[in-house]
>>> print(open('structure-v4.pdb').read())   # PDB, C-alpha atoms
ATOM      1  CA  MET P   1      40.252 -26.561  -5.659  1.00  0.00           C
ATOM      2  CA  ALA P   2      37.349 -27.569  -7.861  1.00  0.00           C
ATOM      3  CA  ASP P   3      35.804 -29.922  -5.309  1.00  0.00           C
ATOM      4  CA  ALA P   4      35.837 -27.412  -2.450  1.00  0.00           C
ATOM      5  CA  LYS P   5      32.471 -26.550  -0.926  1.00  0.00           C
ATOM      6  CA  ILE P   6      33.474 -24.843   2.317  1.00  0.00           C
ATOM      7  CA  VAL P   7      36.350 -22.467   2.972  1.00  0.00           C
ATOM      8  CA  LEU P   8      37.572 -21.576   6.434  1.00  0.00           C
ATOM      9  CA  ALA P   9      38.530 -17.896   6.529  1.00  0.00           C
ATOM     10  CA  SER P  10      41.873 -18.655   8.155  1.00  0.00           C
ATOM     11  CA  HIS P  11      45.375 -19.781   7.200  1.00  0.00           C
ATOM     12  CA  ASN P  12      45.719 -21.702  10.466  1.00  0.00           C
ATOM     13  CA  LYS P  13      46.210 -25.400   9.653  1.00  0.00           C
ATOM     14  CA  GLY P  14      45.428 -26.426  13.215  1.00  0.00           C
ATOM     15  CA  LYS P  15      42.101 -24.638  13.087  1.00  0.00           C
ATOM     16  CA  LEU P  16      41.316 -26.306   9.734  1.00  0.00           C
ATOM     17  CA  LYS P  17      42.075 -29.733  11.212  1.00  0.00           C
ATOM     18  CA  GLU P  18      39.807 -28.997  14.175  1.00  0.00           C
ATOM     19  CA  LEU P  19      36.945 -27.885  11.914  1.00  0.00           C
ATOM     20  CA  ARG P  20      37.273 -30.982   9.717  1.00  0.00           C
ATOM     21  CA  GLU P  21      37.077 -33.257  12.739  1.00  0.00           C
ATOM     22  CA  ILE P  22      34.013 -31.457  14.071  1.00  0.00           C
ATOM     23  CA  LEU P  23      32.237 -31.729  10.702  1.00  0.00           C
ATOM     24  CA  ARG P  24      33.345 -35.293   9.918  1.00  0.00           C
ATOM     25  CA  GLY P  25      30.269 -37.453   9.309  1.00  0.00           C
ATOM     26  CA  ARG P  26      27.925 -34.682  10.414  1.00  0.00           C
ATOM     27  CA  ILE P  27      26.749 -33.314   7.046  1.00  0.00           C
ATOM     28  CA  ASP P  28      25.448 -35.748   4.429  1.00  0.00           C
ATOM     29  CA  GLY P  29      27.562 -35.915   1.292  1.00  0.00           C
ATOM     30  CA  LEU P  30      30.373 -33.728   2.617  1.00  0.00           C
ATOM     31  CA  ASP P  31      33.916 -35.138   2.301  1.00  0.00           C
ATOM     32  CA  VAL P  32      35.700 -32.973   4.838  1.00  0.00           C
ATOM     33  CA  ASP P  33      39.198 -33.952   3.703  1.00  0.00           C
ATOM     34  CA  THR P  34      38.703 -32.658   0.146  1.00  0.00           C
ATOM     35  CA  GLN P  35      35.764 -30.277   0.348  1.00  0.00           C
ATOM     36  CA  VAL P  36      36.629 -28.265   3.465  1.00  0.00           C
ATOM     37  CA  VAL P  37      39.676 -26.095   2.776  1.00  0.00           C
ATOM     38  CA  ASP P  38      41.487 -23.113   4.257  1.00  0.00           C
ATOM     39  CA  ALA P  39      41.871 -19.594   2.905  1.00  0.00           C
ATOM     40  CA  SER P  40      45.282 -20.175   1.332  1.00  0.00           C
ATOM     41  CA  SER P  41      43.954 -23.089  -0.743  1.00  0.00           C
ATOM     42  CA  VAL P  42      41.573 -20.833  -2.671  1.00  0.00           C
ATOM     43  CA  ASN P  43      43.470 -17.531  -2.470  1.00  0.00           C
ATOM     44  CA  ALA P  44      40.845 -16.037  -0.186  1.00  0.00           C
ATOM     45  CA  PRO P  45      41.553 -12.488   0.978  1.00  0.00           C
ATOM     46  CA  ASP P  46      42.676 -11.472   4.445  1.00  0.00           C
ATOM     47  CA  VAL P  47      39.821  -9.506   5.964  1.00  0.00           C
ATOM     48  CA  PRO P  48      40.468  -6.705   8.499  1.00  0.00           C
ATOM     49  CA  GLU P  49      38.699  -7.198  11.830  1.00  0.00           C
ATOM     50  CA  THR P  50      37.037  -3.787  12.052  1.00  0.00           C
ATOM     51  CA  GLY P  51      33.999  -4.844  14.101  1.00  0.00           C
ATOM     52  CA  VAL P  52      33.503  -4.072  17.784  1.00  0.00           C
ATOM     53  CA  THR P  53      32.238  -7.517  18.829  1.00  0.00           C
ATOM     54  CA  PHE P  54      33.346 -11.098  18.230  1.00  0.00           C
ATOM     55  CA  ALA P  55      30.188 -11.662  16.179  1.00  0.00           C
ATOM     56  CA  GLU P  56      30.775  -8.652  13.948  1.00  0.00           C
ATOM     57  CA  ASN P  57      34.379  -9.603  13.221  1.00  0.00           C
ATOM     58  CA  SER P  58      33.465 -13.214  12.563  1.00  0.00           C
ATOM     59  CA  LEU P  59      30.669 -12.340  10.183  1.00  0.00           C
ATOM     60  CA  LEU P  60      32.747  -9.709   8.376  1.00  0.00           C
ATOM     61  CA  LYS P  61      35.311 -12.377   7.514  1.00  0.00           C
ATOM     62  CA  ALA P  62      32.814 -15.054   6.505  1.00  0.00           C
ATOM     63  CA  ARG P  63      30.826 -12.657   4.318  1.00  0.00           C
ATOM     64  CA  ALA P  64      33.874 -11.245   2.517  1.00  0.00           C
ATOM     65  CA  VAL P  65      35.407 -14.662   1.834  1.00  0.00           C
ATOM     66  CA  ALA P  66      32.105 -16.085   0.552  1.00  0.00           C
ATOM     67  CA  GLU P  67      31.775 -13.166  -1.849  1.00  0.00           C
ATOM     68  CA  ALA P  68      35.386 -13.469  -3.028  1.00  0.00           C
ATOM     69  CA  THR P  69      35.448 -17.245  -3.538  1.00  0.00           C
ATOM     70  CA  GLY P  70      31.873 -18.191  -4.397  1.00  0.00           C
ATOM     71  CA  LEU P  71      32.028 -20.835  -1.642  1.00  0.00           C
ATOM     72  CA  VAL P  72      30.284 -21.231   1.674  1.00  0.00           C
ATOM     73  CA  ALA P  73      32.656 -19.565   4.141  1.00  0.00           C
ATOM     74  CA  ILE P  74      33.181 -20.139   7.852  1.00  0.00           C
ATOM     75  CA  ALA P  75      34.982 -17.759  10.178  1.00  0.00           C
ATOM     76  CA  ASP P  76      35.451 -17.191  13.866  1.00  0.00           C
ATOM     77  CA  ASP P  77      36.671 -14.550  16.256  1.00  0.00           C
ATOM     78  CA  SER P  78      37.567 -15.297  19.825  1.00  0.00           C
ATOM     79  CA  GLY P  79      39.286 -13.985  22.913  1.00  0.00           C
ATOM     80  CA  LEU P  80      39.381 -13.784  26.685  1.00  0.00           C
ATOM     81  CA  SER P  81      36.718 -11.989  28.709  1.00  0.00           C
ATOM     82  CA  VAL P  82      37.674 -11.095  32.303  1.00  0.00           C
ATOM     83  CA  ASP P  83      34.882 -10.386  34.778  1.00  0.00           C
ATOM     84  CA  VAL P  84      36.542  -7.577  36.748  1.00  0.00           C
ATOM     85  CA  LEU P  85      37.642  -5.880  33.513  1.00  0.00           C
ATOM     86  CA  ASN P  86      34.037  -5.766  32.267  1.00  0.00           C
ATOM     87  CA  GLY P  87      34.793  -8.252  29.492  1.00  0.00           C
ATOM     88  CA  ALA P  88      38.216  -6.977  28.416  1.00  0.00           C
ATOM     89  CA  PRO P  89      40.554  -7.818  26.753  1.00  0.00           C
ATOM     90  CA  GLY P  90      37.714  -9.151  24.536  1.00  0.00           C
ATOM     91  CA  ILE P  91      38.240  -8.416  20.863  1.00  0.00           C
ATOM     92  CA  PHE P  92      41.635  -6.901  21.752  1.00  0.00           C
ATOM     93  CA  SER P  93      42.915 -10.132  23.313  1.00  0.00           C
ATOM     94  CA  ALA P  94      45.540 -10.773  20.635  1.00  0.00           C
ATOM     95  CA  ARG P  95      46.928  -7.233  20.886  1.00  0.00           C
ATOM     96  CA  TRP P  96      46.295  -6.346  24.534  1.00  0.00           C
ATOM     97  CA  ALA P  97      49.923  -5.285  25.062  1.00  0.00           C
ATOM     98  CA  GLY P  98      49.971  -3.317  21.795  1.00  0.00           C
ATOM     99  CA  SER P  99      51.653  -5.728  19.392  1.00  0.00           C
ATOM    100  CA  HIS P 100      49.394  -8.247  17.657  1.00  0.00           C
ATOM    101  CA  GLY P 101      50.187 -11.860  18.462  1.00  0.00           C
ATOM    102  CA  ASP P 102      52.755 -11.266  21.246  1.00  0.00           C
ATOM    103  CA  ASP P 103      51.346 -13.915  23.592  1.00  0.00           C
ATOM    104  CA  THR P 104      53.934 -13.430  26.321  1.00  0.00           C
ATOM    105  CA  ALA P 105      53.524  -9.655  26.489  1.00  0.00           C
ATOM    106  CA  ASN P 106      49.723  -9.916  26.455  1.00  0.00           C
ATOM    107  CA  LEU P 107      49.704 -12.494  29.232  1.00  0.00           C
ATOM    108  CA  ASN P 108      52.204 -10.623  31.404  1.00  0.00           C
ATOM    109  CA  LEU P 109      50.336  -7.340  31.089  1.00  0.00           C
ATOM    110  CA  LEU P 110      47.043  -8.957  32.063  1.00  0.00           C
ATOM    111  CA  LEU P 111      48.601 -10.651  35.100  1.00  0.00           C
ATOM    112  CA  ALA P 112      50.095  -7.338  36.196  1.00  0.00           C
ATOM    113  CA  GLN P 113      46.734  -5.620  35.864  1.00  0.00           C
ATOM    114  CA  LEU P 114      45.125  -8.292  38.035  1.00  0.00           C
ATOM    115  CA  SER P 115      47.950  -8.642  40.562  1.00  0.00           C
ATOM    116  CA  ASP P 116      45.882  -7.380  43.490  1.00  0.00           C
ATOM    117  CA  ILE P 117      42.660  -9.231  42.576  1.00  0.00           C
ATOM    118  CA  SER P 118      41.777 -12.021  45.002  1.00  0.00           C
ATOM    119  CA  ALA P 119      40.967 -15.565  43.902  1.00  0.00           C
ATOM    120  CA  GLU P 120      37.190 -15.234  44.304  1.00  0.00           C
ATOM    121  CA  HIS P 121      37.137 -12.347  41.808  1.00  0.00           C
ATOM    122  CA  ARG P 122      39.340 -13.873  39.101  1.00  0.00           C
ATOM    123  CA  GLY P 123      36.527 -15.285  36.989  1.00  0.00           C
ATOM    124  CA  ALA P 124      37.007 -15.216  33.217  1.00  0.00           C
ATOM    125  CA  LYS P 125      36.011 -17.103  30.092  1.00  0.00           C
ATOM    126  CA  PHE P 126      37.214 -17.789  26.604  1.00  0.00           C
ATOM    127  CA  CYS P 127      34.563 -16.655  24.093  1.00  0.00           C
ATOM    128  CA  CYS P 128      34.072 -17.474  20.421  1.00  0.00           C
ATOM    129  CA  ALA P 129      31.651 -16.366  17.750  1.00  0.00           C
ATOM    130  CA  ALA P 130      31.581 -18.624  14.674  1.00  0.00           C
ATOM    131  CA  SER P 131      29.875 -17.540  11.484  1.00  0.00           C
ATOM    132  CA  VAL P 132      28.839 -19.040   8.182  1.00  0.00           C
ATOM    133  CA  ALA P 133      27.985 -17.138   5.021  1.00  0.00           C
ATOM    134  CA  SER P 134      27.012 -18.334   1.558  1.00  0.00           C
ATOM    135  CA  PRO P 135      27.371 -16.552  -1.795  1.00  0.00           C
ATOM    136  CA  SER P 136      23.560 -16.452  -1.979  1.00  0.00           C
ATOM    137  CA  GLY P 137      23.392 -14.292   1.149  1.00  0.00           C
ATOM    138  CA  PHE P 138      22.614 -16.858   3.855  1.00  0.00           C
ATOM    139  CA  GLU P 139      24.306 -15.857   7.130  1.00  0.00           C
ATOM    140  CA  ALA P 140      24.308 -17.167  10.701  1.00  0.00           C
ATOM    141  CA  VAL P 141      26.331 -16.756  13.887  1.00  0.00           C
ATOM    142  CA  GLU P 142      26.670 -19.118  16.855  1.00  0.00           C
ATOM    143  CA  TYR P 143      28.553 -18.799  20.143  1.00  0.00           C
ATOM    144  CA  GLY P 144      30.692 -20.903  22.432  1.00  0.00           C
ATOM    145  CA  GLU P 145      32.266 -20.274  25.836  1.00  0.00           C
ATOM    146  CA  LEU P 146      34.760 -21.939  28.149  1.00  0.00           C
ATOM    147  CA  PRO P 147      34.314 -20.515  31.661  1.00  0.00           C
ATOM    148  CA  GLY P 148      37.238 -20.527  34.044  1.00  0.00           C
ATOM    149  CA  GLU P 149      39.325 -18.865  36.714  1.00  0.00           C
ATOM    150  CA  LEU P 150      42.553 -16.943  36.164  1.00  0.00           C
ATOM    151  CA  LEU P 151      45.715 -18.166  37.847  1.00  0.00           C
ATOM    152  CA  THR P 152      48.261 -15.742  39.288  1.00  0.00           C
ATOM    153  CA  ALA P 153      51.127 -17.191  37.221  1.00  0.00           C
ATOM    154  CA  PRO P 154      51.386 -19.208  33.991  1.00  0.00           C
ATOM    155  CA  ALA P 155      51.218 -23.011  34.296  1.00  0.00           C
ATOM    156  CA  GLY P 156      51.933 -25.512  31.544  1.00  0.00           C
ATOM    157  CA  GLU P 157      53.756 -25.560  28.232  1.00  0.00           C
ATOM    158  CA  GLY P 158      50.889 -26.467  25.879  1.00  0.00           C
ATOM    159  CA  GLY P 159      48.340 -24.352  24.076  1.00  0.00           C
ATOM    160  CA  PHE P 160      48.855 -20.725  23.181  1.00  0.00           C
ATOM    161  CA  GLY P 161      47.669 -17.225  24.049  1.00  0.00           C
ATOM    162  CA  TYR P 162      46.121 -17.073  27.515  1.00  0.00           C
ATOM    163  CA  ASP P 163      45.882 -20.870  27.902  1.00  0.00           C
ATOM    164  CA  PRO P 164      48.555 -20.984  30.651  1.00  0.00           C
ATOM    165  CA  ILE P 165      46.521 -18.794  33.019  1.00  0.00           C
ATOM    166  CA  LEU P 166      42.932 -20.005  32.525  1.00  0.00           C
ATOM    167  CA  ARG P 167      41.780 -22.960  34.640  1.00  0.00           C
ATOM    168  CA  PRO P 168      38.483 -24.376  33.257  1.00  0.00           C
ATOM    169  CA  VAL P 169      35.897 -24.597  36.036  1.00  0.00           C
ATOM    170  CA  GLU P 170      34.270 -27.627  34.400  1.00  0.00           C
ATOM    171  CA  LEU P 171      37.319 -29.709  35.276  1.00  0.00           C
ATOM    172  CA  ASN P 172      36.914 -28.955  38.993  1.00  0.00           C
ATOM    173  CA  GLY P 173      34.334 -29.723  41.636  1.00  0.00           C
ATOM    174  CA  GLU P 174      31.996 -32.568  42.496  1.00  0.00           C
ATOM    175  CA  ASN P 175      30.686 -33.093  38.966  1.00  0.00           C
ATOM    176  CA  ALA P 176      33.948 -32.360  37.169  1.00  0.00           C
ATOM    177  CA  LEU P 177      34.355 -33.522  33.593  1.00  0.00           C
ATOM    178  CA  TYR P 178      36.710 -36.496  33.133  1.00  0.00           C
ATOM    179  CA  GLU P 179      36.057 -37.438  36.785  1.00  0.00           C
ATOM    180  CA  GLY P 180      38.304 -34.683  38.075  1.00  0.00           C
ATOM    181  CA  GLN P 181      41.414 -36.121  36.442  1.00  0.00           C
ATOM    182  CA  TYR P 182      42.486 -32.649  35.323  1.00  0.00           C
ATOM    183  CA  ALA P 183      41.231 -30.674  38.315  1.00  0.00           C
ATOM    184  CA  GLY P 184      43.225 -27.531  38.986  1.00  0.00           C
ATOM    185  CA  LYS P 185      44.986 -27.658  35.620  1.00  0.00           C
ATOM    186  CA  SER P 186      45.273 -24.736  33.223  1.00  0.00           C
ATOM    187  CA  CYS P 187      44.344 -25.056  29.555  1.00  0.00           C
ATOM    188  CA  ALA P 188      48.083 -25.334  28.872  1.00  0.00           C
ATOM    189  CA  GLU P 189      48.445 -28.322  31.206  1.00  0.00           C
ATOM    190  CA  ILE P 190      45.689 -30.571  29.885  1.00  0.00           C
ATOM    191  CA  PRO P 191      46.025 -32.764  26.773  1.00  0.00           C
ATOM    192  CA  ALA P 192      45.202 -31.001  23.522  1.00  0.00           C
ATOM    193  CA  GLU P 193      42.387 -33.431  22.728  1.00  0.00           C
ATOM    194  CA  ILE P 194      40.748 -32.690  26.087  1.00  0.00           C
ATOM    195  CA  LYS P 195      41.076 -28.943  25.660  1.00  0.00           C
ATOM    196  CA  ASN P 196      39.700 -29.110  22.126  1.00  0.00           C
ATOM    197  CA  SER P 197      36.703 -31.144  23.273  1.00  0.00           C
ATOM    198  CA  ILE P 198      35.568 -28.401  25.665  1.00  0.00           C
ATOM    199  CA  SER P 199      36.971 -25.321  23.965  1.00  0.00           C
ATOM    200  CA  HIS P 200      34.948 -22.235  23.160  1.00  0.00           C
ATOM    201  CA  ARG P 201      35.809 -22.625  19.473  1.00  0.00           C
ATOM    202  CA  ALA P 202      34.744 -26.277  19.329  1.00  0.00           C
ATOM    203  CA  ARG P 203      31.453 -25.408  21.008  1.00  0.00           C
ATOM    204  CA  ALA P 204      30.775 -22.545  18.606  1.00  0.00           C
ATOM    205  CA  PHE P 205      31.573 -24.684  15.546  1.00  0.00           C
ATOM    206  CA  GLU P 206      29.465 -27.523  16.938  1.00  0.00           C
ATOM    207  CA  ALA P 207      26.487 -25.189  17.347  1.00  0.00           C
ATOM    208  CA  LEU P 208      27.039 -23.919  13.808  1.00  0.00           C
ATOM    209  CA  ILE P 209      26.717 -27.340  12.115  1.00  0.00           C
ATOM    210  CA  PRO P 210      22.961 -27.072  11.301  1.00  0.00           C
ATOM    211  CA  GLN P 211      23.565 -23.594   9.911  1.00  0.00           C
ATOM    212  CA  ILE P 212      26.426 -24.833   7.742  1.00  0.00           C
ATOM    213  CA  ALA P 213      24.177 -27.557   6.333  1.00  0.00           C
ATOM    214  CA  ALA P 214      21.542 -24.921   5.570  1.00  0.00           C
ATOM    215  CA  ALA P 215      24.101 -22.664   3.898  1.00  0.00           C
ATOM    216  CA  LEU P 216      25.202 -25.473   1.581  1.00  0.00           C
ATOM    217  CA  THR P 217      21.659 -25.761   0.229  1.00  0.00           C
ATOM    218  CA  SER P 218      20.825 -22.043   0.178  1.00  0.00           C
TER     219      SER P 218
END
>>> encode(input="structure-v4.pdb", output="structure tokens")
Amino acid sequence: MADAKIVLASHNKGKLKELREILRGRIDGLDVDTQVVDASSVNAPDVPETGVTFAENSLLKARAVAEATGLVAIADDSGLSVDVLNGAPGIFSARWAGSHGDDTANLNLLLAQLSDISAEHRGAKFCCAASVASPSGFEAVEYGELPGELLTAPAGEGGFGYDPILRPVELNGENALYEGQYAGKSCAEIPAEIKNSISHRARAFEALIPQIAAALTS
């Protein structure tokens, strides 16, 4: 695509839509609908996640896609960090049960591992590292988190991955977001637009906007 300026190092159309909405009107002269594209649109390579942190994996993908396409590239890596597991599953979130992308098996294994953990010790958070890299060598990484508490059983039909067992703490309590309307709900029970507005990925991409603007002029 001749007009493309930014490529997202992902084939996920939902993630591309989310990025376009975050960037819409935020960078002067950028038409997100035509100039922000996904990996399949420009035949960008799939990049193995061989790093040992979210930041390393994110930057590996952004750097490789920028070099391969000659475009500014954006990538992210994310997962669930559980307090009593010292941050695990972490970068292994998508393959915690051994098979990559088996959400049900991953979720069930984690619940079994935490079956005897009391409510006050079930703290966890979704984490995301988002990176930008330009063909000229400009690179930056930003972070986003969604803190929460793990339920003892899945709740809700929306979302994906570990969404059914993480209850965002920001939706509970005296100063709860959205006036407590979604208090006690898991990420799979709240509307997608609400989840996306507070998600770890949205926060990481939001923090990355100034860096993306800098990469486009590097």
>>> residues_around(input="structure-v4.pdb", residues="range 3-13 of chain P", least_positions_apart="5", cutoff="10 Å", atoms="all atoms listed in the file", output="PyMOL selection string")
chain P and resi 18-20+30-42+44-47+58+61-66+69-76+131-134+212+215-216
>>> closest_atom_pairs(input="structure-v4.pdb", of="range 30-129 of chain P", to="range 140-158 of chain P", cutoff="7 Å", atoms="all atoms listed in the file", output="CSV")
residue,atom,partner,partner_atom,distance
P:Ala55,CA,P:Val141,CA,6.8
P:Leu111,CA,P:Thr152,CA,6.6
P:Arg122,CA,P:Leu150,CA,5.3
P:Gly123,CA,P:Glu149,CA,4.6
P:Ala124,CA,P:Gly148,CA,5.4
P:Lys125,CA,P:Pro147,CA,4.1
P:Phe126,CA,P:Leu146,CA,5.1
P:Cys127,CA,P:Glu145,CA,4.6
P:Cys128,CA,P:Gly144,CA,5.2
P:Ala129,CA,P:Tyr143,CA,4.6
>>> atom_distance(input="structure-v4.pdb", atom1="CA of Gly14 in chain P", atom2="CA of Ile27 in chain P")
20.8 Å
>>> closest_residue(input="structure-v4.pdb", among="P:Asp28, P:Asn43, P:Leu60, P:Asn196", to="Ala214 in chain P", atoms="all atoms listed in the file")
P:Asp28
>>> atom_distance(input="structure-v4.pdb", atom1="CA of Asn57 in chain P", atom2="CA of Gly159 in chain P")
23.0 Å
